[in-house]
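Chemist: My structure is in structure-v7.cif, and what it holds is mmCIF, C-alpha atoms:
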```cif
data_model
#
loop_
_atom_site.label_atom_id
_atom_site.label_comp_id
_atom_site.auth_asym_id
_atom_site.auth_seq_id
_atom_site.Cartn_x
_atom_site.Cartn_y
_atom_site.Cartn_z
CA MET D 1 -8.88 -35.42 41.56
CA THR D 2 -5.40 -36.10 42.94
CA HIS D 3 -4.21 -39.68 43.25
CA VAL D 4 -1.28 -40.97 45.23
CA ARG D 5 0.45 -44.25 44.47
CA LEU D 6 1.20 -46.01 47.74
CA SER D 7 2.33 -49.45 46.68
CA SER D 8 1.83 -52.16 44.20
CA ALA D 9 1.18 -55.71 45.22
CA PRO D 10 3.33 -58.27 43.37
CA SER D 11 0.29 -60.41 42.50
CA SER D 12 -1.76 -57.59 40.96
CA PRO D 13 -0.77 -55.87 37.72
CA GLN D 14 -2.28 -52.52 38.78
CA PRO D 15 -0.78 -50.37 41.55
CA ARG D 16 -2.93 -49.69 44.58
CA VAL D 17 -4.28 -46.13 44.31
CA ILE D 18 -6.02 -44.05 46.96
CA ALA D 19 -7.72 -40.79 46.09
CA ALA D 20 -6.76 -37.76 48.16
CA ALA D 21 -10.45 -37.25 48.86
CA ASP D 22 -10.45 -40.63 50.66
CA TRP D 23 -8.10 -39.22 53.32
CA ASP D 24 -10.91 -37.73 55.28
CA GLU D 25 -10.32 -36.79 58.92
CA GLU D 26 -13.54 -38.54 59.85
CA GLN D 27 -11.88 -41.90 59.19
CA GLU D 28 -9.30 -41.35 61.93
CA GLU D 29 -9.89 -42.76 65.37
CA PRO D 30 -11.07 -40.07 67.77
CA VAL D 31 -8.62 -38.96 70.41
CA ARG D 32 -9.69 -39.89 73.90
CA ALA D 33 -8.29 -39.29 77.34
CA LEU D 34 -6.58 -42.21 79.02
CA SER D 35 -7.98 -43.64 82.19
CA GLU D 36 -5.78 -43.50 85.28
CA ARG D 37 -4.96 -47.21 84.90
CA GLU D 38 -4.10 -46.82 81.18
CA ALA D 39 -1.89 -43.83 81.96
CA ARG D 40 0.01 -45.81 84.63
CA GLU D 41 0.48 -48.73 82.22
CA LEU D 42 1.74 -46.42 79.47
CA LYS D 43 4.13 -44.71 81.86
CA ALA D 44 5.46 -48.11 82.99
CA ARG D 45 6.06 -49.17 79.37
CA LEU D 46 7.79 -45.89 78.47
CA PRO D 47 10.13 -45.03 81.32
CA MET D 48 11.30 -41.43 81.39
CA LEU D 49 14.97 -40.61 81.64
CA SER D 50 15.79 -37.64 83.83
CA PRO D 51 17.64 -34.82 82.02
CA TRP D 52 19.70 -34.46 85.19
CA ARG D 53 21.00 -38.02 84.79
CA VAL D 54 21.95 -37.27 81.19
CA LEU D 55 23.77 -34.11 82.32
CA GLY D 56 25.57 -36.08 85.01
CA LEU D 57 26.62 -38.66 82.43
CA GLN D 58 27.81 -35.91 80.07
CA ALA D 59 29.88 -34.35 82.86
CA ALA D 60 31.36 -37.70 83.92
CA VAL D 61 32.25 -38.66 80.35
CA GLY D 62 33.70 -35.18 79.74
CA LEU D 63 35.83 -35.40 82.88
CA GLY D 64 37.00 -38.85 81.82
CA VAL D 65 37.94 -37.68 78.32
CA ALA D 66 39.74 -34.61 79.72
CA ALA D 67 41.66 -36.78 82.20
CA LEU D 68 42.53 -39.30 79.49
CA ILE D 69 43.70 -36.66 77.02
CA GLY D 70 45.56 -34.76 79.72
CA GLY D 71 47.18 -37.95 81.02
CA VAL D 72 48.25 -39.22 77.60
CA THR D 73 49.70 -35.87 76.55
CA ALA D 74 50.99 -34.91 80.02
CA SER D 75 49.90 -31.37 79.20
CA GLY D 76 47.97 -29.09 81.53
CA VAL D 77 47.00 -26.87 78.59
CA ILE D 78 45.38 -29.78 76.77
CA PHE D 79 43.65 -30.96 79.95
CA TRP D 80 42.14 -27.52 80.63
CA SER D 81 41.14 -27.14 76.98
CA ALA D 82 39.39 -30.51 77.04
CA LEU D 83 37.73 -29.66 80.35
CA TYR D 84 36.43 -26.41 78.86
CA GLY D 85 34.99 -28.46 75.97
CA MET D 86 32.99 -30.46 78.51
CA VAL D 87 31.80 -27.26 80.25
CA ALA D 88 30.77 -25.77 76.87
CA VAL D 89 28.31 -28.68 76.50
CA VAL D 90 27.15 -29.21 80.07
CA VAL D 91 26.42 -25.60 81.12
CA PRO D 92 24.16 -24.76 78.12
CA SER D 93 22.45 -28.16 78.46
CA LEU D 94 21.90 -27.37 82.14
CA LEU D 95 20.07 -24.19 81.13
CA LEU D 96 17.83 -26.16 78.76
CA ALA D 97 17.14 -28.89 81.32
CA ARG D 98 16.25 -26.28 83.94
CA GLY D 99 13.84 -24.56 81.59
CA MET D 100 12.26 -27.78 80.35
CA THR D 101 11.56 -29.18 83.81
CA LYS D 102 9.30 -26.26 84.75
CA ARG D 103 5.56 -26.97 84.88
CA VAL D 104 3.51 -25.49 82.04
CA ASP D 105 -0.23 -25.10 81.53
CA SER D 106 -0.58 -25.92 77.84
CA ALA D 107 1.09 -27.58 74.88
CA VAL D 108 1.54 -24.18 73.21
CA THR D 109 3.35 -22.85 76.28
CA ALA D 110 5.51 -25.98 76.38
CA ALA D 111 6.44 -25.65 72.69
CA ALA D 112 7.21 -21.94 73.01
CA GLY D 113 9.20 -22.59 76.17
CA PHE D 114 11.20 -25.33 74.48
CA MET D 115 12.06 -23.03 71.57
CA ALA D 116 13.08 -20.20 73.89
CA TRP D 117 15.25 -22.43 76.10
CA GLU D 118 16.80 -24.11 73.05
CA PHE D 119 17.71 -20.70 71.58
CA LEU D 120 19.21 -19.75 74.93
CA LYS D 121 21.20 -22.99 74.95
CA ILE D 122 22.53 -22.36 71.43
CA GLY D 123 23.40 -18.76 72.31
CA ALA D 124 25.21 -19.83 75.48
CA SER D 125 27.13 -22.50 73.54
CA ILE D 126 28.24 -19.99 70.92
CA ALA D 127 29.20 -17.43 73.56
CA MET D 128 31.24 -20.01 75.47
CA LEU D 129 33.09 -21.06 72.32
CA VAL D 130 33.79 -17.41 71.41
CA LEU D 131 35.09 -16.78 74.94
CA ALA D 132 37.17 -19.98 75.05
CA PRO D 133 40.51 -18.33 74.09
CA LYS D 134 40.03 -15.74 76.85
CA VAL D 135 39.06 -18.29 79.51
CA VAL D 136 41.80 -20.80 78.60
CA PRO D 137 44.74 -18.57 77.57
CA VAL D 138 46.79 -21.20 75.67
CA LEU D 139 43.87 -23.07 74.14
CA SER D 140 44.10 -26.38 72.30
CA TRP D 141 41.14 -26.33 69.91
CA PRO D 142 41.51 -30.01 68.96
CA ALA D 143 41.29 -31.11 72.61
CA LEU D 144 38.33 -28.80 73.24
CA LEU D 145 36.45 -29.98 70.13
CA VAL D 146 37.10 -33.68 70.71
CA THR D 147 35.73 -33.47 74.24
CA LEU D 148 32.83 -31.31 73.10
CA ALA D 149 31.89 -33.85 70.39
CA VAL D 150 32.13 -36.81 72.77
CA CYS D 151 29.94 -35.03 75.35
CA ILE D 152 27.33 -34.22 72.71
CA LYS D 153 27.26 -37.88 71.62
CA VAL D 154 26.38 -38.90 75.18
CA ASN D 155 22.80 -37.95 74.26
CA TRP D 156 22.75 -40.99 71.95
CA LEU D 157 23.92 -43.18 74.81
CA ALA D 158 21.05 -41.83 76.89
CA LEU D 159 18.60 -43.18 74.32
CA LEU D 160 20.16 -46.63 74.69
CA TRP D 161 20.25 -46.23 78.47
CA ARG D 162 16.50 -45.63 78.45
CA GLY D 163 15.97 -49.34 78.20
CA HIS D 164 16.50 -50.42 74.62
#
```
Could you spell out this file's structure in structure tokens?
Modeler:
Amino acid sequence: MTHVRLSSAPSSPQPRVIAAADWDEEQEEPVRALSEREARELKARLPMLSPWRVLGLQAAVGLGVAALIGGVTASGVIFWSALYGMVAVVVPSLLLARGMTKRVDSAVTAAAGFMAWEFLKIGASIAMLVLAPKVVPVLSWPALLVTLAVCIKVNWLALLWRGH
């Protein structure tokens, strides 16, 4: 029989031990469908953040960073490089958001769709970075990568924006 040590209470000399056989699925609470009222209450407690708002915030922050970098350096090359960094984040994220906002019939379809759209997003991101020197002839990689990193970090801001 397999035993797992979970914790030991400071007042007892012996650690608390639970046998693996005790982890029976029958002990779990059964899953039940929410009533309409419970679903509304849950939705009110957990507000959803639109992916389109996050994309808009990413684009706005990216434009701001590109303008700031371009203004400080007074260089059009650096401005366009930074702007391309923003586009390299926003366009692939737009593809993912578009794919994820489609209605699906099942959880399996949703999971498969998420994986497919995420792979498409990664592929588009890689393709855009590979094409960057052709799109922006005199490319500044540092400006592009700084803006790209800042735009990616906007996703963390979105979690805070959600209401926490």
Chemist: CA of Val77 in chain D and CA of Val90 in chain D, how far apart in Å?
Modeler: 20.0 Å
Chemist: Grab the CA of Gly62 in chain D to CA of Met86 in chain D distance for me, in Å with one decimal place.
Modeler: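 Rounded to one decimal, the two atoms are 4.9 Å apart.
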Chemist: Mind listing whatever residues come within 8 Å of the point (40.5, -34.0, 79.7)? Use all atoms listed in the file, file coordinates, and give them as a PDB file with C-alpha atoms, in the frame of the given file.
Modeler:
```
ATOM      1  CA  GLY D  62      33.700 -35.180  79.740  1.00  0.00           C
ATOM      2  CA  LEU D  63      35.830 -35.400  82.880  1.00  0.00           C
ATOM      3  CA  GLY D  64      37.000 -38.850  81.820  1.00  0.00           C
ATOM      4  CA  VAL D  65      37.940 -37.680  78.320  1.00  0.00           C
ATOM      5  CA  ALA D  66      39.740 -34.610  79.720  1.00  0.00           C
ATOM      6  CA  ALA D  67      41.660 -36.780  82.200  1.00  0.00           C
ATOM      7  CA  LEU D  68      42.530 -39.300  79.490  1.00  0.00           C
ATOM      8  CA  ILE D  69      43.700 -36.660  77.020  1.00  0.00           C
ATOM      9  CA  GLY D  70      45.560 -34.760  79.720  1.00  0.00           C
ATOM     10  CA  GLY D  71      47.180 -37.950  81.020  1.00  0.00           C
ATOM     11  CA  ILE D  78      45.380 -29.780  76.770  1.00  0.00           C
ATOM     12  CA  PHE D  79      43.650 -30.960  79.950  1.00  0.00           C
ATOM     13  CA  TRP D  80      42.140 -27.520  80.630  1.00  0.00           C
ATOM     14  CA  SER D  81      41.140 -27.140  76.980  1.00  0.00           C
ATOM     15  CA  ALA D  82      39.390 -30.510  77.040  1.00  0.00           C
ATOM     16  CA  LEU D  83      37.730 -29.660  80.350  1.00  0.00           C
ATOM     17  CA  ALA D 143      41.290 -31.110  72.610  1.00  0.00           C
ATOM     18  CA  THR D 147      35.730 -33.470  74.240  1.00  0.00           C
TER      19      THR D 147
END
```
Chemist: Could you expand the PyMOL selection byres ((chain D and resi 96) around 12) into the explicit residues it covers here, written as an mmCIF file with C-alpha atoms, keeping the file's coordinate frame?
Modeler:
```cif
data_model
loop_
_atom_site.group_PDB
_atom_site.id
_atom_site.type_symbol
_atom_site.label_atom_id
_atom_site.label_comp_id
_atom_site.auth_asym_id
_atom_site.auth_seq_id
_atom_site.Cartn_x
_atom_site.Cartn_y
_atom_site.Cartn_z
ATOM 1 C CA PRO D 51 17.640 -34.820 82.020
ATOM 2 C CA TRP D 52 19.700 -34.460 85.190
ATOM 3 C CA LEU D 55 23.770 -34.110 82.320
ATOM 4 C CA VAL D 89 28.310 -28.680 76.500
ATOM 5 C CA VAL D 90 27.150 -29.210 80.070
ATOM 6 C CA VAL D 91 26.420 -25.600 81.120
ATOM 7 C CA PRO D 92 24.160 -24.760 78.120
ATOM 8 C CA SER D 93 22.450 -28.160 78.460
ATOM 9 C CA LEU D 94 21.900 -27.370 82.140
ATOM 10 C CA LEU D 95 20.070 -24.190 81.130
ATOM 11 C CA ALA D 97 17.140 -28.890 81.320
ATOM 12 C CA ARG D 98 16.250 -26.280 83.940
ATOM 13 C CA GLY D 99 13.840 -24.560 81.590
ATOM 14 C CA MET D 100 12.260 -27.780 80.350
ATOM 15 C CA THR D 101 11.560 -29.180 83.810
ATOM 16 C CA LYS D 102 9.300 -26.260 84.750
ATOM 17 C CA GLY D 113 9.200 -22.590 76.170
ATOM 18 C CA PHE D 114 11.200 -25.330 74.480
ATOM 19 C CA MET D 115 12.060 -23.030 71.570
ATOM 20 C CA ALA D 116 13.080 -20.200 73.890
ATOM 21 C CA TRP D 117 15.250 -22.430 76.100
ATOM 22 C CA GLU D 118 16.800 -24.110 73.050
ATOM 23 C CA PHE D 119 17.710 -20.700 71.580
ATOM 24 C CA LEU D 120 19.210 -19.750 74.930
ATOM 25 C CA LYS D 121 21.200 -22.990 74.950
ATOM 26 C CA ILE D 122 22.530 -22.360 71.430
ATOM 27 C CA GLY D 123 23.400 -18.760 72.310
ATOM 28 C CA ALA D 124 25.210 -19.830 75.480
ATOM 29 C CA SER D 125 27.130 -22.500 73.540
#
```
Chemist: If you measure from CA of Tyr84 in chain D to CA of Ala132 in chain D, what distance in Å do you get, rounded to one decimal?
Modeler: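 Atom-to-atom, CA of Tyr84 in chain D and CA of Ala132 in chain D are spaced 7.5 Å apart.
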Chemist: Around (36.9, -24.7, 66.5), as given in the file, which residues come within 12 Å? Count all atoms listed in the file and list them as a VMD selection string.
Modeler: chain D and resid 81 85 126 128 to 133 139 to 149
Chemist: Provide an axis-aligned box for all listed atoms of range 112-116 of chain D, padding each side by 6 Å; report its centre and its edge lengths in Å to one decimal, as lines of an AutoDock Vina configuration file.
Modeler:
```
center_x = 10.1
center_y = -22.8
center_z = 73.9
size_x = 17.9
size_y = 17.1
size_z = 16.6
```
Chemist: Please determine, counting all atoms listed in the file, which residue among D:Val54, D:Leu46, D:Leu34, D:Ala127 has the shortest atom-to-atom distance to Trp156 in chain D.
Modeler: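 Answer, going by the shortest atom-to-atom distance: D:Val54.
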Chemist: Could you check which of D:Ser35, D:Gln58, D:Ser50, D:Ser75 is closest to Cys151 in chain D, using only C-alpha atoms?
Modeler: D:Gln58
Chemist: Output as an mmCIF file, in the coordinates of the input: range 40-74 of chain D, completed with N, CA and C atoms.
Modeler:
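Written out: selection02.cif:
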```cif
data_model
loop_
_atom_site.group_PDB
_atom_site.id
_atom_site.type_symbol
_atom_site.label_atom_id
_atom_site.label_comp_id
_atom_site.auth_asym_id
_atom_site.auth_seq_id
_atom_site.Cartn_x
_atom_site.Cartn_y
_atom_site.Cartn_z
ATOM 1 N N ARG D 40 -1.049 -45.134 83.839
ATOM 2 C CA ARG D 40 0.010 -45.810 84.630
ATOM 3 C C ARG D 40 0.696 -46.878 83.794
ATOM 4 N N GLU D 41 -0.092 -47.666 83.048
ATOM 5 C CA GLU D 41 0.480 -48.730 82.220
ATOM 6 C C GLU D 41 1.378 -48.146 81.125
ATOM 7 N N LEU D 42 0.939 -47.065 80.504
ATOM 8 C CA LEU D 42 1.740 -46.420 79.470
ATOM 9 C C LEU D 42 3.033 -45.872 80.053
ATOM 10 N N LYS D 43 2.950 -45.260 81.206
ATOM 11 C CA LYS D 43 4.130 -44.710 81.860
ATOM 12 C C LYS D 43 5.118 -45.820 82.238
ATOM 13 N N ALA D 44 4.599 -46.975 82.647
ATOM 14 C CA ALA D 44 5.460 -48.110 82.990
ATOM 15 C C ALA D 44 6.159 -48.672 81.754
ATOM 16 N N ARG D 45 5.464 -48.657 80.615
ATOM 17 C CA ARG D 45 6.060 -49.170 79.370
ATOM 18 C C ARG D 45 7.080 -48.208 78.790
ATOM 19 N N LEU D 46 6.912 -46.919 79.029
ATOM 20 C CA LEU D 46 7.790 -45.890 78.470
ATOM 21 C C LEU D 46 8.474 -45.128 79.584
ATOM 22 N N PRO D 47 9.491 -45.713 80.198
ATOM 23 C CA PRO D 47 10.130 -45.030 81.320
ATOM 24 C C PRO D 47 10.819 -43.739 80.871
ATOM 25 N N MET D 48 10.694 -42.722 81.693
ATOM 26 C CA MET D 48 11.300 -41.430 81.390
ATOM 27 C C MET D 48 12.730 -41.405 81.944
ATOM 28 N N LEU D 49 13.598 -40.765 81.214
ATOM 29 C CA LEU D 49 14.970 -40.610 81.640
ATOM 30 C C LEU D 49 15.158 -39.163 82.084
ATOM 31 N N SER D 50 15.608 -38.973 83.279
ATOM 32 C CA SER D 50 15.790 -37.640 83.830
ATOM 33 C C SER D 50 16.863 -36.878 83.058
ATOM 34 N N PRO D 51 16.592 -35.616 82.685
ATOM 35 C CA PRO D 51 17.640 -34.820 82.020
ATOM 36 C C PRO D 51 18.833 -34.599 82.946
ATOM 37 N N TRP D 52 18.605 -34.658 84.240
ATOM 38 C CA TRP D 52 19.700 -34.460 85.190
ATOM 39 C C TRP D 52 20.664 -35.653 85.148
ATOM 40 N N ARG D 53 20.137 -36.844 84.931
ATOM 41 C CA ARG D 53 21.000 -38.020 84.790
ATOM 42 C C ARG D 53 21.843 -37.924 83.527
ATOM 43 N N VAL D 54 21.222 -37.435 82.453
ATOM 44 C CA VAL D 54 21.950 -37.270 81.190
ATOM 45 C C VAL D 54 23.057 -36.229 81.378
ATOM 46 N N LEU D 55 22.745 -35.127 82.056
ATOM 47 C CA LEU D 55 23.770 -34.110 82.320
ATOM 48 C C LEU D 55 24.895 -34.665 83.178
ATOM 49 N N GLY D 56 24.542 -35.450 84.175
ATOM 50 C CA GLY D 56 25.570 -36.080 85.010
ATOM 51 C C GLY D 56 26.456 -36.998 84.193
ATOM 52 N N LEU D 57 25.848 -37.771 83.292
ATOM 53 C CA LEU D 57 26.620 -38.660 82.430
ATOM 54 C C LEU D 57 27.519 -37.863 81.490
ATOM 55 N N GLN D 58 26.994 -36.765 80.936
ATOM 56 C CA GLN D 58 27.810 -35.910 80.070
ATOM 57 C C GLN D 58 29.014 -35.360 80.837
ATOM 58 N N ALA D 59 28.781 -34.893 82.058
ATOM 59 C CA ALA D 59 29.880 -34.350 82.860
ATOM 60 C C ALA D 59 30.898 -35.425 83.195
ATOM 61 N N ALA D 60 30.436 -36.610 83.569
ATOM 62 C CA ALA D 60 31.360 -37.700 83.920
ATOM 63 C C ALA D 60 32.180 -38.128 82.710
ATOM 64 N N VAL D 61 31.526 -38.271 81.567
ATOM 65 C CA VAL D 61 32.250 -38.660 80.350
ATOM 66 C C VAL D 61 33.237 -37.557 79.968
ATOM 67 N N GLY D 62 32.802 -36.299 80.063
ATOM 68 C CA GLY D 62 33.700 -35.180 79.740
ATOM 69 C C GLY D 62 34.918 -35.135 80.654
ATOM 70 N N LEU D 63 34.696 -35.358 81.947
ATOM 71 C CA LEU D 63 35.830 -35.400 82.880
ATOM 72 C C LEU D 63 36.775 -36.555 82.541
ATOM 73 N N GLY D 64 36.189 -37.691 82.193
ATOM 74 C CA GLY D 64 37.000 -38.850 81.820
ATOM 75 C C GLY D 64 37.831 -38.598 80.576
ATOM 76 N N VAL D 65 37.214 -37.992 79.565
ATOM 77 C CA VAL D 65 37.940 -37.680 78.320
ATOM 78 C C VAL D 65 39.042 -36.660 78.602
ATOM 79 N N ALA D 66 38.735 -35.624 79.388
ATOM 80 C CA ALA D 66 39.740 -34.610 79.720
ATOM 81 C C ALA D 66 40.905 -35.239 80.484
ATOM 82 N N ALA D 67 40.590 -36.115 81.439
ATOM 83 C CA ALA D 67 41.660 -36.780 82.200
ATOM 84 C C ALA D 67 42.480 -37.691 81.295
ATOM 85 N N LEU D 68 41.816 -38.407 80.406
ATOM 86 C CA LEU D 68 42.530 -39.300 79.490
ATOM 87 C C LEU D 68 43.437 -38.521 78.546
ATOM 88 N N ILE D 69 42.900 -37.475 77.937
ATOM 89 C CA ILE D 69 43.700 -36.660 77.020
ATOM 90 C C ILE D 69 44.835 -35.971 77.762
ATOM 91 N N GLY D 70 44.515 -35.419 78.927
ATOM 92 C CA GLY D 70 45.560 -34.760 79.720
ATOM 93 C C GLY D 70 46.621 -35.733 80.180
ATOM 94 N N GLY D 71 46.213 -36.944 80.576
ATOM 95 C CA GLY D 71 47.180 -37.950 81.020
ATOM 96 C C GLY D 71 48.064 -38.464 79.903
ATOM 97 N N VAL D 72 47.479 -38.704 78.739
ATOM 98 C CA VAL D 72 48.250 -39.220 77.600
ATOM 99 C C VAL D 72 49.250 -38.182 77.112
ATOM 100 N N THR D 73 48.817 -36.919 77.062
ATOM 101 C CA THR D 73 49.700 -35.870 76.550
ATOM 102 C C THR D 73 50.584 -35.251 77.631
ATOM 103 N N ALA D 74 50.262 -35.507 78.885
ATOM 104 C CA ALA D 74 50.990 -34.910 80.020
ATOM 105 C C ALA D 74 51.051 -33.390 79.890
#
```
